[in-house]
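What's in input-v7.txt: compact mmCIF, C-alpha atoms and all ligand atoms
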```
# COMPACT_ATOMS: atom_id res chain seq x y z
CA MET O 1 20.03 -59.55 -20.06
CA ALA O 2 23.78 -59.12 -19.51
CA GLY O 3 24.62 -62.24 -21.52
CA LEU O 4 22.28 -61.24 -24.33
CA ALA O 5 23.72 -57.74 -24.53
CA ALA O 6 27.21 -59.22 -24.72
CA ALA O 7 26.14 -61.66 -27.43
CA ARG O 8 24.63 -58.81 -29.44
CA ARG O 9 27.92 -56.91 -29.37
CA LEU O 10 30.03 -59.94 -30.23
CA TRP O 11 27.63 -60.75 -33.09
CA ARG O 12 27.74 -57.16 -34.33
CA ASP O 13 31.55 -57.19 -34.29
CA GLY O 14 31.81 -60.52 -36.10
CA VAL O 15 33.18 -62.46 -33.11
CA ASP O 16 31.88 -66.03 -32.93
CA PHE O 17 30.16 -66.91 -29.67
CA LEU O 18 28.17 -69.68 -28.02
CA LEU O 19 25.63 -68.72 -25.37
CA LEU O 20 25.12 -71.49 -22.79
CA GLU O 21 21.86 -70.99 -20.89
CA ALA O 22 20.85 -73.21 -17.98
CA GLY O 23 17.12 -72.51 -18.32
CA ASP O 24 14.45 -73.30 -20.89
CA ARG O 25 14.51 -69.74 -22.29
CA VAL O 26 16.72 -66.67 -22.36
CA GLY O 27 16.04 -63.66 -20.13
CA GLY O 28 16.89 -64.92 -16.65
CA ARG O 29 15.08 -62.89 -14.02
CA VAL O 30 13.06 -61.13 -16.72
CA ALA O 31 10.41 -63.72 -17.54
CA THR O 32 6.67 -64.12 -18.02
CA ASP O 33 4.53 -67.20 -17.38
CA GLU O 34 1.04 -67.66 -18.74
CA ALA O 35 -1.66 -69.24 -16.58
CA GLY O 36 -5.40 -69.31 -17.13
CA GLY O 37 -5.30 -66.39 -19.55
CA PHE O 38 -3.22 -64.20 -17.20
CA LEU O 39 0.31 -63.00 -17.93
CA LEU O 40 2.31 -63.36 -14.73
CA ASP O 41 5.76 -61.81 -14.77
CA ARG O 42 8.29 -63.45 -12.47
CA GLY O 43 7.78 -60.67 -9.96
CA PHE O 44 6.28 -57.29 -10.85
CA GLN O 45 8.79 -55.30 -12.86
CA VAL O 46 8.73 -52.49 -15.39
CA VAL O 47 10.38 -51.52 -18.65
CA ASN O 48 11.95 -48.06 -18.50
CA THR O 49 12.40 -46.00 -21.67
CA ALA O 50 15.24 -44.03 -20.04
CA TYR O 51 17.57 -47.04 -20.09
CA PRO O 52 19.85 -46.04 -22.99
CA ARG O 53 21.38 -49.47 -23.52
CA LEU O 54 17.91 -51.00 -23.69
CA THR O 55 16.56 -48.58 -26.27
CA ALA O 56 19.77 -48.94 -28.32
CA LEU O 57 19.23 -52.69 -28.56
CA VAL O 58 15.45 -53.15 -28.51
CA ASP O 59 12.74 -51.35 -30.49
CA LEU O 60 10.23 -50.79 -27.67
CA ASP O 61 7.55 -49.58 -30.13
CA ALA O 62 7.52 -53.05 -31.65
CA LEU O 63 6.62 -54.49 -28.23
CA ASN O 64 3.26 -52.64 -28.14
CA MET O 65 3.87 -51.18 -24.74
CA GLY O 66 1.14 -50.30 -22.26
CA TRP O 67 2.12 -47.43 -19.97
CA PHE O 68 1.77 -46.75 -16.27
CA ARG O 69 0.68 -43.33 -15.08
CA SER O 70 3.62 -41.45 -13.59
CA GLY O 71 3.60 -40.47 -9.91
CA VAL O 72 2.13 -42.61 -7.14
CA LEU O 73 -1.03 -42.88 -5.08
CA VAL O 74 -0.45 -43.19 -1.33
CA ARG O 75 -2.98 -44.60 1.12
CA HIS O 76 -2.70 -42.16 4.00
CA GLY O 77 -5.14 -41.13 6.69
CA GLY O 78 -7.80 -43.38 5.18
CA ARG O 79 -7.71 -41.92 1.65
CA LEU O 80 -5.61 -42.14 -1.50
CA GLU O 81 -3.38 -39.09 -2.03
CA ARG O 82 -1.72 -38.40 -5.35
CA TYR O 83 1.98 -37.59 -5.54
CA ALA O 84 2.35 -36.32 -9.08
CA HIS O 85 5.38 -36.39 -11.35
CA PRO O 86 6.16 -32.67 -11.82
CA LEU O 87 7.37 -33.07 -15.43
CA ARG O 88 4.83 -35.54 -16.77
CA ASP O 89 1.78 -34.66 -14.70
CA PRO O 90 2.16 -30.92 -13.89
CA ARG O 91 -1.59 -30.51 -13.32
CA GLY O 92 -1.31 -32.82 -10.31
CA VAL O 93 1.28 -30.68 -8.53
CA PRO O 94 -0.91 -27.83 -7.20
CA ARG O 95 -3.30 -30.37 -5.69
CA MET O 96 -0.34 -32.14 -4.12
CA LEU O 97 0.86 -28.91 -2.49
CA GLU O 98 -2.66 -27.94 -1.44
CA SER O 99 -3.09 -31.18 0.43
CA ALA O 100 0.26 -30.66 2.15
CA LEU O 101 -1.23 -29.67 5.49
CA GLY O 102 -3.47 -32.70 5.78
CA GLY O 103 -1.17 -34.89 3.69
CA LEU O 104 1.73 -37.17 4.39
CA GLY O 105 4.67 -35.49 6.14
CA THR O 106 5.14 -31.73 6.03
CA LEU O 107 5.37 -29.13 3.31
CA ALA O 108 9.11 -28.97 4.07
CA ASP O 109 9.25 -32.74 3.36
CA ARG O 110 7.74 -32.24 -0.06
CA VAL O 111 10.11 -29.43 -0.91
CA ARG O 112 13.12 -31.49 0.28
CA LEU O 113 12.08 -34.59 -1.61
CA ALA O 114 11.32 -32.59 -4.77
CA ALA O 115 14.76 -30.95 -4.48
CA ILE O 116 16.54 -34.33 -4.22
CA ILE O 117 14.65 -35.67 -7.24
CA ALA O 118 15.08 -32.48 -9.29
CA ARG O 119 18.83 -32.47 -8.63
CA TYR O 120 19.22 -36.08 -9.72
CA ALA O 121 17.20 -35.29 -12.83
CA ALA O 122 19.16 -32.17 -13.78
CA VAL O 123 22.79 -32.91 -12.89
CA PRO O 124 24.68 -34.93 -15.54
CA PRO O 125 25.36 -38.55 -14.51
CA ALA O 126 29.15 -38.15 -14.59
CA ARG O 127 28.92 -35.32 -12.06
CA LEU O 128 26.52 -37.26 -9.81
CA LEU O 129 29.02 -40.12 -9.78
CA ASP O 130 31.82 -37.71 -8.81
CA GLU O 131 29.97 -36.83 -5.60
CA PRO O 132 30.91 -38.51 -2.31
CA GLU O 133 29.09 -41.83 -2.01
CA THR O 134 26.72 -42.39 0.92
CA THR O 135 23.57 -44.45 1.37
CA ALA O 136 19.95 -43.84 0.36
CA ALA O 137 19.13 -43.55 4.08
CA GLU O 138 21.71 -40.78 4.43
CA VAL O 139 20.38 -38.91 1.37
CA MET O 140 16.83 -39.06 2.76
CA SER O 141 17.79 -38.31 6.37
CA GLY O 142 16.30 -34.78 6.30
CA LEU O 143 12.77 -36.14 5.78
CA SER O 144 10.29 -36.69 8.60
CA SER O 145 9.69 -40.30 9.62
CA ALA O 146 6.13 -40.01 8.26
CA MET O 147 7.42 -39.21 4.76
CA LEU O 148 10.32 -41.64 5.00
CA ASP O 149 8.27 -44.63 6.20
CA GLY O 150 5.09 -43.74 4.32
CA LEU O 151 6.46 -43.04 0.85
CA VAL O 152 10.22 -43.24 0.41
CA ARG O 153 10.95 -46.55 2.14
CA PRO O 154 8.14 -48.54 0.50
CA TYR O 155 8.90 -47.06 -2.91
CA LEU O 156 12.63 -47.74 -2.79
CA SER O 157 12.22 -51.15 -1.16
CA GLY O 158 10.21 -52.19 -4.22
CA VAL O 159 13.03 -50.96 -6.48
CA PHE O 160 16.09 -52.23 -4.60
CA GLY O 161 14.56 -54.89 -2.31
CA ASP O 162 16.27 -52.96 0.47
CA PRO O 163 13.88 -51.66 3.18
CA ARG O 164 16.89 -50.58 5.27
CA LEU O 165 17.90 -48.14 2.51
CA THR O 166 21.57 -49.11 2.68
CA THR O 167 21.79 -48.86 -1.13
CA SER O 168 24.55 -46.62 -2.52
CA SER O 169 23.61 -43.02 -3.23
CA HIS O 170 25.22 -43.47 -6.67
CA ALA O 171 22.86 -46.33 -7.58
CA LEU O 172 19.98 -44.31 -6.11
CA ALA O 173 20.87 -41.26 -8.20
CA MET O 174 21.00 -43.22 -11.45
CA ILE O 175 17.74 -45.07 -10.85
CA VAL O 176 15.81 -41.98 -9.70
CA ARG O 177 17.16 -40.10 -12.71
CA SER O 178 15.90 -42.82 -15.04
CA PHE O 179 12.47 -42.78 -13.40
CA VAL O 180 12.18 -39.01 -13.90
CA HIS O 181 13.28 -39.06 -17.52
CA GLY O 182 11.70 -42.34 -18.60
CA ARG O 183 8.25 -43.72 -19.19
CA LEU O 184 7.46 -46.92 -17.36
CA GLY O 185 5.41 -49.64 -18.95
CA LEU O 186 5.14 -53.27 -19.98
CA PRO O 187 4.96 -55.06 -23.33
CA ARG O 188 1.54 -56.35 -24.44
CA THR O 189 2.75 -59.94 -24.15
CA GLY O 190 4.57 -59.63 -20.84
CA VAL O 191 7.97 -58.42 -19.70
CA GLY O 192 9.53 -61.59 -21.15
CA ALA O 193 9.05 -60.02 -24.59
CA MET O 194 11.99 -57.73 -23.76
CA PRO O 195 14.71 -60.43 -23.60
CA ALA O 196 13.04 -62.25 -26.49
CA ALA O 197 13.43 -59.09 -28.61
CA LEU O 198 17.02 -58.73 -27.48
CA ALA O 199 17.76 -62.30 -28.57
CA ALA O 200 15.78 -62.18 -31.83
CA PRO O 201 18.60 -60.93 -34.12
CA LEU O 202 21.04 -63.58 -32.82
CA PRO O 203 21.54 -66.80 -34.79
CA PRO O 204 19.51 -69.47 -32.92
CA GLU O 205 22.19 -72.12 -33.39
CA ARG O 206 24.57 -70.04 -31.22
CA ILE O 207 22.18 -70.24 -28.22
CA ARG O 208 22.04 -73.54 -26.31
CA LEU O 209 19.21 -73.81 -23.80
CA HIS O 210 19.09 -76.42 -20.98
CA THR O 211 22.88 -76.21 -20.75
CA PRO O 212 24.03 -75.36 -17.23
CA VAL O 213 27.74 -74.74 -16.80
CA GLU O 214 28.85 -76.76 -13.79
CA ARG O 215 32.54 -75.94 -13.63
CA LEU O 216 34.75 -73.42 -15.34
CA PRO O 217 38.46 -74.19 -15.05
CA GLY O 218 40.33 -71.60 -17.14
CA THR O 219 38.27 -70.98 -20.24
CA THR O 220 36.71 -74.45 -20.49
CA ALA O 221 33.04 -74.81 -19.64
CA HIS O 222 31.92 -78.18 -18.27
CA THR O 223 28.25 -78.93 -18.89
CA PRO O 224 26.27 -82.16 -18.42
CA GLY O 225 26.42 -82.62 -22.21
CA GLY O 226 30.18 -82.18 -22.56
CA THR O 227 32.87 -79.52 -22.49
CA VAL O 228 33.23 -76.35 -24.51
CA ARG O 229 36.68 -74.81 -24.97
CA ALA O 230 36.93 -71.14 -25.89
CA ARG O 231 39.42 -68.34 -26.28
CA ALA O 232 37.46 -66.35 -23.70
CA VAL O 233 34.60 -67.05 -21.29
CA LEU O 234 32.11 -64.51 -20.00
CA VAL O 235 30.10 -65.48 -16.92
CA ALA O 236 26.81 -63.60 -17.16
CA THR O 237 24.87 -65.68 -14.64
CA ASP O 238 23.03 -64.44 -11.57
CA PRO O 239 25.47 -63.06 -8.94
CA VAL O 240 25.38 -66.14 -6.67
CA THR O 241 26.23 -68.57 -9.49
CA ALA O 242 28.90 -66.17 -10.78
CA ALA O 243 30.67 -66.31 -7.42
CA ARG O 244 30.51 -70.12 -7.50
CA LEU O 245 31.91 -70.41 -11.03
CA LEU O 246 34.50 -67.65 -10.49
CA PRO O 247 36.01 -68.20 -7.03
CA GLU O 248 37.98 -64.95 -7.44
CA LEU O 249 34.67 -63.06 -6.92
CA PRO O 250 33.29 -62.48 -3.41
CA ALA O 251 29.95 -64.13 -2.58
CA PRO O 252 27.29 -61.43 -3.01
CA ALA O 253 24.58 -60.51 -0.53
CA MET O 254 21.16 -60.61 -2.19
CA HIS O 255 17.78 -58.97 -1.50
CA ALA O 256 14.46 -60.75 -1.81
CA LEU O 257 11.18 -59.70 -3.45
CA THR O 258 7.83 -61.46 -3.40
CA THR O 259 4.94 -60.60 -5.71
CA VAL O 260 1.43 -61.78 -4.89
CA TYR O 261 -0.94 -61.88 -7.90
CA HIS O 262 -4.69 -61.55 -7.44
CA SER O 263 -7.47 -61.40 -9.98
CA ALA O 264 -10.60 -59.33 -9.40
CA PRO O 265 -13.92 -58.97 -11.21
CA GLU O 266 -13.66 -55.18 -10.92
CA PRO O 267 -10.46 -53.10 -10.75
CA PRO O 268 -10.05 -51.53 -7.29
CA VAL O 269 -8.87 -48.30 -8.96
CA GLU O 270 -9.43 -47.29 -12.59
CA GLU O 271 -5.97 -45.94 -13.34
CA PRO O 272 -2.62 -47.65 -14.04
CA THR O 273 -0.78 -46.08 -11.10
CA LEU O 274 1.53 -47.53 -8.46
CA VAL O 275 -0.13 -47.47 -5.03
CA LEU O 276 1.86 -47.23 -1.78
CA ASP O 277 0.62 -47.76 1.76
CA ALA O 278 1.53 -45.22 4.44
CA ASP O 279 -1.16 -46.40 6.88
CA GLY O 280 0.02 -49.99 7.31
CA SER O 281 1.14 -50.96 10.78
CA GLY O 282 2.33 -54.38 11.82
CA GLY O 283 1.32 -57.32 9.67
CA VAL O 284 2.70 -57.58 6.17
CA ARG O 285 4.39 -54.41 4.83
CA ILE O 286 3.43 -53.88 1.20
CA ALA O 287 6.13 -52.20 -0.92
CA ASN O 288 3.71 -51.40 -3.73
CA THR O 289 0.57 -52.64 -5.46
CA ILE O 290 -0.79 -51.94 -8.93
CA VAL O 291 -3.61 -52.99 -11.25
CA VAL O 292 -1.33 -54.16 -14.05
CA SER O 293 -4.21 -54.79 -16.45
CA ASN O 294 -5.22 -51.11 -16.27
CA ALA O 295 -2.00 -50.38 -18.21
CA VAL O 296 -1.88 -53.54 -20.31
CA PRO O 297 -5.34 -55.12 -20.62
CA GLY O 298 -3.87 -58.27 -22.19
CA TYR O 299 -2.37 -59.25 -18.81
CA ALA O 300 -5.84 -60.48 -17.76
CA PRO O 301 -8.55 -62.36 -19.66
CA HIS O 302 -11.69 -60.51 -20.67
CA GLY O 303 -13.76 -59.49 -17.64
CA ARG O 304 -10.95 -60.00 -15.11
CA HIS O 305 -8.29 -57.65 -13.73
CA LEU O 306 -4.78 -58.42 -12.53
CA ILE O 307 -3.40 -56.91 -9.33
CA ALA O 308 0.32 -57.31 -8.54
CA THR O 309 1.41 -56.64 -4.99
CA THR O 310 5.08 -56.67 -4.05
CA VAL O 311 6.64 -57.18 -0.63
CA ALA O 312 10.37 -56.69 -0.02
CA ALA O 313 10.79 -60.00 1.81
CA PRO O 314 11.41 -63.63 0.82
CA ASP O 315 7.82 -64.58 1.54
CA ALA O 316 4.37 -63.10 2.13
CA ASP O 317 1.15 -64.78 3.22
CA PRO O 318 -1.32 -64.15 0.36
CA ALA O 319 -4.31 -64.10 2.74
CA ALA O 320 -2.64 -61.45 4.91
CA VAL O 321 -1.76 -59.45 1.78
CA ARG O 322 -5.37 -59.58 0.61
CA THR O 323 -6.56 -58.27 3.98
CA GLU O 324 -4.14 -55.34 3.68
CA LEU O 325 -5.24 -54.69 0.10
CA ALA O 326 -8.87 -54.30 1.17
CA ARG O 327 -7.75 -51.42 3.36
CA VAL O 328 -5.24 -49.96 0.88
CA TYR O 329 -7.73 -49.85 -2.00
CA GLY O 330 -10.74 -49.23 0.27
CA THR O 331 -12.69 -52.03 -1.33
CA ALA O 332 -14.01 -55.50 -0.49
CA THR O 333 -11.66 -58.25 -1.66
CA GLU O 334 -13.75 -61.37 -0.85
CA GLU O 335 -14.36 -61.97 -4.54
CA TRP O 336 -10.72 -61.65 -5.42
CA GLU O 337 -8.89 -64.80 -6.40
CA HIS O 338 -5.32 -65.52 -5.38
CA LEU O 339 -3.58 -66.58 -8.61
CA THR O 340 -0.03 -67.23 -7.48
CA THR O 341 2.75 -65.94 -5.27
CA VAL O 342 6.15 -65.47 -6.93
CA ARG O 343 8.96 -65.67 -4.38
CA ILE O 344 12.40 -64.53 -5.51
CA PRO O 345 14.88 -64.86 -2.64
CA HIS O 346 17.75 -63.66 -4.85
CA ALA O 347 15.94 -60.87 -6.68
CA LEU O 348 18.62 -58.18 -6.61
CA PRO O 349 22.25 -57.92 -5.52
CA ASP O 350 22.91 -55.76 -2.50
CA ALA O 351 24.18 -52.40 -3.74
CA SER O 352 25.64 -50.92 -0.56
CA PRO O 353 28.63 -48.59 -0.89
CA PRO O 354 31.26 -48.60 -2.15
CA LEU O 355 30.04 -49.01 -5.73
CA GLY O 356 32.18 -46.14 -6.97
CA ARG O 357 31.23 -45.12 -10.49
CA LEU O 358 29.03 -48.22 -10.97
CA ARG O 359 31.63 -49.82 -13.20
CA ARG O 360 33.11 -52.81 -11.41
CA PRO O 361 35.81 -54.62 -13.41
CA VAL O 362 34.53 -57.10 -15.99
CA ALA O 363 37.91 -58.48 -17.16
CA LEU O 364 39.32 -60.90 -14.59
CA GLY O 365 42.42 -61.92 -16.56
CA ASP O 366 43.46 -65.12 -18.40
CA GLY O 367 40.49 -64.93 -20.78
CA ARG O 368 37.88 -64.85 -18.00
CA TYR O 369 35.21 -62.13 -17.93
CA VAL O 370 32.13 -61.42 -15.83
CA ALA O 371 28.95 -59.39 -16.38
CA GLY O 372 25.60 -58.91 -14.70
CA ASP O 373 23.69 -56.46 -12.56
CA HIS O 374 26.22 -57.00 -9.74
CA ARG O 375 28.92 -55.30 -11.87
CA ASP O 376 26.99 -52.06 -12.52
CA SER O 377 23.66 -51.01 -10.98
CA PRO O 378 21.05 -53.54 -9.79
CA SER O 379 18.74 -53.05 -12.78
CA VAL O 380 18.12 -54.09 -16.36
CA GLN O 381 20.19 -51.11 -17.50
CA GLY O 382 23.05 -52.21 -15.20
CA ALA O 383 22.92 -55.76 -16.54
CA LEU O 384 22.86 -54.64 -20.18
CA THR O 385 25.66 -52.10 -19.74
CA SER O 386 27.91 -54.60 -18.00
CA GLY O 387 27.35 -57.17 -20.75
CA TRP O 388 28.09 -54.58 -23.43
CA ARG O 389 31.24 -53.52 -21.59
CA ALA O 390 32.43 -57.09 -21.09
CA ALA O 391 31.96 -57.92 -24.78
CA GLY O 392 33.91 -54.77 -25.64
CA ALA O 393 36.75 -55.97 -23.44
CA ILE O 394 36.71 -59.35 -25.21
CA VAL O 395 36.74 -57.78 -28.67
CA THR O 396 39.53 -55.35 -27.76
CA PRO O 397 41.41 -56.89 -24.81
C1 LIG Q 401 10.92 -59.25 -9.09
C2 LIG Q 401 11.96 -58.40 -9.76
C3 LIG Q 401 11.62 -57.15 -10.20
C4 LIG Q 401 12.56 -56.34 -10.85
N1 LIG Q 401 12.17 -55.14 -11.31
C5 LIG Q 401 13.03 -54.42 -12.06
C6 LIG Q 401 12.61 -53.21 -12.68
O1 LIG Q 401 11.44 -52.83 -12.58
N2 LIG Q 401 13.53 -52.49 -13.39
C7 LIG Q 401 14.81 -52.93 -13.53
O2 LIG Q 401 15.60 -52.25 -14.19
N3 LIG Q 401 15.24 -54.06 -12.95
C8 LIG Q 401 14.38 -54.83 -12.23
N4 LIG Q 401 14.79 -55.99 -11.67
C9 LIG Q 401 16.21 -56.36 -11.78
C10 LIG Q 401 16.55 -56.96 -13.14
O3 LIG Q 401 15.59 -57.91 -13.52
C11 LIG Q 401 17.92 -57.60 -13.04
O4 LIG Q 401 18.83 -56.66 -12.52
C12 LIG Q 401 18.45 -58.10 -14.37
O5 LIG Q 401 17.47 -58.78 -15.10
C13 LIG Q 401 19.63 -58.99 -14.14
O6 LIG Q 401 20.08 -59.53 -15.36
P1 LIG Q 401 21.40 -60.39 -15.41
O7 LIG Q 401 21.65 -60.72 -16.83
O8 LIG Q 401 22.48 -59.69 -14.65
O9 LIG Q 401 21.12 -61.72 -14.55
P2 LIG Q 401 20.00 -62.84 -14.65
O10 LIG Q 401 18.70 -62.29 -15.06
O11 LIG Q 401 20.03 -63.55 -13.32
O12 LIG Q 401 20.48 -63.81 -15.80
C14 LIG Q 401 21.43 -64.81 -15.58
C15 LIG Q 401 21.22 -65.94 -16.58
O13 LIG Q 401 22.20 -66.94 -16.35
C16 LIG Q 401 21.59 -68.21 -16.41
N5 LIG Q 401 22.40 -69.13 -15.60
C17 LIG Q 401 22.48 -69.18 -14.24
N6 LIG Q 401 23.34 -70.16 -13.88
C18 LIG Q 401 23.82 -70.69 -15.02
C19 LIG Q 401 24.77 -71.72 -15.29
N7 LIG Q 401 25.40 -72.37 -14.32
N8 LIG Q 401 25.02 -72.03 -16.59
C20 LIG Q 401 24.39 -71.37 -17.60
N9 LIG Q 401 23.49 -70.40 -17.39
C21 LIG Q 401 23.22 -70.05 -16.12
C22 LIG Q 401 20.20 -67.97 -15.84
O14 LIG Q 401 19.32 -69.01 -16.22
C23 LIG Q 401 19.87 -66.63 -16.45
O15 LIG Q 401 19.29 -66.75 -17.73
C24 LIG Q 401 13.88 -56.81 -11.02
C25 LIG Q 401 14.23 -58.09 -10.58
C26 LIG Q 401 13.28 -58.88 -9.98
C27 LIG Q 401 13.67 -60.27 -9.57
```
Translate the structure of the given file into structure tokens.
Ligand SMILES: Cc1cc2nc3c(=O)[nH]c(=O)nc-3n(C[C@H](O)[C@H](O)[C@H](O)COP(=O)(O)OP(=O)(O)OC[C@H]3O[C@@H](n4cnc5c(N)ncnc54)[C@H](O)[C@@H]3O)c2cc1C
Amino acid sequence: MAGLAAARRLWRDGVDFLLLEAGDRVGGRVATDEAGGFLLDRGFQVVNTAYPRLTALVDLDALNMGWFRSGVLVRHGGRLERYAHPLRDPRGVPRMLESALGGLGTLADRVRLAAIIARYAAVPPARLLDEPETTAAEVMSGLSSAMLDGLVRPYLSGVFGDPRLTTSSHALAMIVRSFVHGRLGLPRTGVGAMPAALAAPLPPERIRLHTPVERLPGTTAHTPGGTVRARAVLVATDPVTAARLLPELPAPAMHALTTVYHSAPEPPVEEPTLVLDADGSGGVRIANTIVVSNAVPGYAPHGRHLIATTVAAPDADPAAVRTELARVYGTATEEWEHLTTVRIPHALPDASPPLGRLRRPVALGDGRYVAGDHRDSPSVQGALTSGWRAAGAIVTP
């Protein structure tokens, strides 16, 4: 996404470019595979309409989006409780407060959490980034352990791959803000439609697939097919490869995510809402689970339903996940079919402090530039913004 955003800006500004892509398609971590009539994204992920760089570059309406319901359902005390989004689902809020006594955590928890979210939503980004930087764990430290472990930790571990909540409060603020202001959904033909749309306006002859850059002395790219010399090079690879190609960068720590895909003859819930598990103890800890085909029916063939379950770990035993899902959804899962398990050991760069204002340098000197989610926030928006910034630095050094 970072490389494509950069290419779009260079193209717009009339600067010739050549995009060298190691894989068989553009999009990197944002990809969709098709198998047996199912659309299987490379790990459950969402498109967020509150990412300004995304909506500036891609017409989301043209992607025929299906939308998730805002808020979450939480399996707690043997039932599913709704935690509504106060702006988008105001009718759900009174019920949420009513159930406070029997519900997860305390009423004070709900007020505290709502206050954190409301502040992030209301305060302008520049001011949030002026605030002292701490960790997500520190921000949430006033919550009871029931609320922290039942709702906040699973939710954020699915977003940052970071169950320890060491992520920077600045990254947390920006992501929470985008979740409050944005709608979350997926394109009809899978999340891979997003990078495809980003690449569509670019001249195809300036994109070379199956072309891994092996070495990068100065501004010369060595690939198995030969060398490419350029006035400037921008490394917009994943963070681990970036640190290999650009030894001046430190090796990044990465977080893992695993998504287990099941198909079911009947959907375990009727609505397209993220489900969290506050009752789980021991065994596999589910970060979130969702019936993707409730939002986007085309993700499953007729008569089947697609359930995506994410664990913030490099692996998860699908059988153990299915056992947990029977409890989480309160339904029998014997007739469910395990479709595939997508393991992404390097899903997201660690975003512990200090990240500062989420604008790490992109110009490294001597015609070398870097972009990617490790330069801004660990998200599609972070990747796109960094690529846009890096191309700007190339155009106007
Ligand atoms: C399972 C999962 C779920 C996610 N969910 C969300 C979400 O809901 N919302 C969100 O905002 N973000 C989400 N993210 C994060 C988001 O996908 C990434 O932050 C973003 O896509 C990173 O883009 P990038 O361009 O920085 O890097 P990448 O996507 O890693 O792209 C790097 C590109 O460089 C290519 N490359 C690598 N090595 C070489 C080489 N040597 N030569 C040439 N090319 C090379 C790769 O093939 C790839 O195309 C999720 C990530 C994962 C894995």
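Taking atom CA of O:Ser352 as the reference point, atom CA of O:Thr134 is found at 8.7 Å.
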Report task. Can you pull out every residue within 9 Å of O:Asp13, counting all atoms listed in the file, but drop anything in the same chain fewer than 4 positions away, and send it as a ChimeraX atom specification? Result -> /O:8-9,395
Restrict the selected residues to C-alpha atoms and save them as a tab-separated table (two decimals), in the frame of the given file.
```
chain	number	residue	atom	x	y	z
O	8	ARG	CA	24.63	-58.81	-29.44
O	9	ARG	CA	27.92	-56.91	-29.37
O	395	VAL	CA	36.74	-57.78	-28.67
```
Report task. Quick one: residues within 9 Å of (31.4, -46.8, -8.4) (file frame), counting all atoms listed in the file, please, as a ChimeraX atom specification. Result -> /O:129,133,170-171,353-360,376
Query raised in the report: If I put a ball of radius 10 Å at (3.1, -43.3, -15.2) in the file's coordinates, which residues poke into it when counting all atoms listed in the file, written as a PyMOL selection string?
Result: chain O and resi 67-72+84-85+88-89+179+182-185+271-274+295
Requested in this report: Using all atoms listed in the file, pick whichever of O:Tyr261, O:Tyr369, O:Trp336, O:Tyr155 has the shortest atom-to-atom distance to O:Val74.
Outcome: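 Of the candidates, the smallest distance to O:Val74 is held by O:Tyr155.
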Query raised in the report: Suppose you want the space between atom CA of O:Val46 and atom O2 of ligand LIG 401 (chain Q); what is it in Å?
Result: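 So the two atoms, atom CA of O:Val46 and atom O2 of ligand LIG 401 (chain Q), lie 7.0 Å apart.
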**Report entry** Proximity to O:Trp11 - best of O:Gly367, O:Pro247, O:Pro163, O:Pro204, all atoms listed in the file
**Finding:** O:Pro204
Atoms kept (N, CA and C atoms) for stretch 61-72 of chain O, as a PDB file, in the first residue's frame:
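Result file is result33.pdb:
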```pdb
ATOM      1  N   ASP O  61     -16.911   3.613  -3.089  1.00  0.00           N
ATOM      2  CA  ASP O  61     -18.245   3.266  -3.616  1.00  0.00           C
ATOM      3  C   ASP O  61     -18.121   2.288  -4.786  1.00  0.00           C
ATOM      4  N   ALA O  62     -17.060   2.474  -5.562  1.00  0.00           N
ATOM      5  CA  ALA O  62     -16.890   1.613  -6.746  1.00  0.00           C
ATOM      6  C   ALA O  62     -16.527   0.179  -6.340  1.00  0.00           C
ATOM      7  N   LEU O  63     -16.157  -0.018  -5.069  1.00  0.00           N
ATOM      8  CA  LEU O  63     -15.776  -1.370  -4.624  1.00  0.00           C
ATOM      9  C   LEU O  63     -16.976  -2.156  -4.095  1.00  0.00           C
ATOM     10  N   ASN O  64     -18.178  -1.558  -4.151  1.00  0.00           N
ATOM     11  CA  ASN O  64     -19.389  -2.250  -3.665  1.00  0.00           C
ATOM     12  C   ASN O  64     -19.184  -2.815  -2.276  1.00  0.00           C
ATOM     13  N   MET O  65     -18.975  -1.934  -1.343  1.00  0.00           N
ATOM     14  CA  MET O  65     -18.641  -2.373   0.012  1.00  0.00           C
ATOM     15  C   MET O  65     -19.837  -3.028   0.712  1.00  0.00           C
ATOM     16  N   GLY O  66     -19.549  -4.047   1.518  1.00  0.00           N
ATOM     17  CA  GLY O  66     -20.505  -4.544   2.503  1.00  0.00           C
ATOM     18  C   GLY O  66     -20.031  -4.049   3.859  1.00  0.00           C
ATOM     19  N   TRP O  67     -20.959  -3.716   4.756  1.00  0.00           N
ATOM     20  CA  TRP O  67     -20.561  -3.028   5.990  1.00  0.00           C
ATOM     21  C   TRP O  67     -20.775  -3.897   7.222  1.00  0.00           C
ATOM     22  N   PHE O  68     -19.875  -3.748   8.185  1.00  0.00           N
ATOM     23  CA  PHE O  68     -20.057  -4.392   9.481  1.00  0.00           C
ATOM     24  C   PHE O  68     -20.908  -3.493  10.366  1.00  0.00           C
ATOM     25  N   ARG O  69     -21.623  -4.114  11.301  1.00  0.00           N
ATOM     26  CA  ARG O  69     -22.378  -3.312  12.265  1.00  0.00           C
ATOM     27  C   ARG O  69     -21.388  -2.764  13.288  1.00  0.00           C
ATOM     28  N   SER O  70     -21.549  -1.489  13.653  1.00  0.00           N
ATOM     29  CA  SER O  70     -20.608  -0.905  14.605  1.00  0.00           C
ATOM     30  C   SER O  70     -20.880  -1.449  16.007  1.00  0.00           C
ATOM     31  N   GLY O  71     -19.924  -1.275  16.907  1.00  0.00           N
ATOM     32  CA  GLY O  71     -20.016  -1.861  18.240  1.00  0.00           C
ATOM     33  C   GLY O  71     -19.547  -3.312  18.199  1.00  0.00           C
ATOM     34  N   VAL O  72     -19.604  -3.959  19.352  1.00  0.00           N
ATOM     35  CA  VAL O  72     -19.185  -5.367  19.422  1.00  0.00           C
ATOM     36  C   VAL O  72     -20.190  -6.154  20.251  1.00  0.00           C
TER      37      VAL O  72
END
```
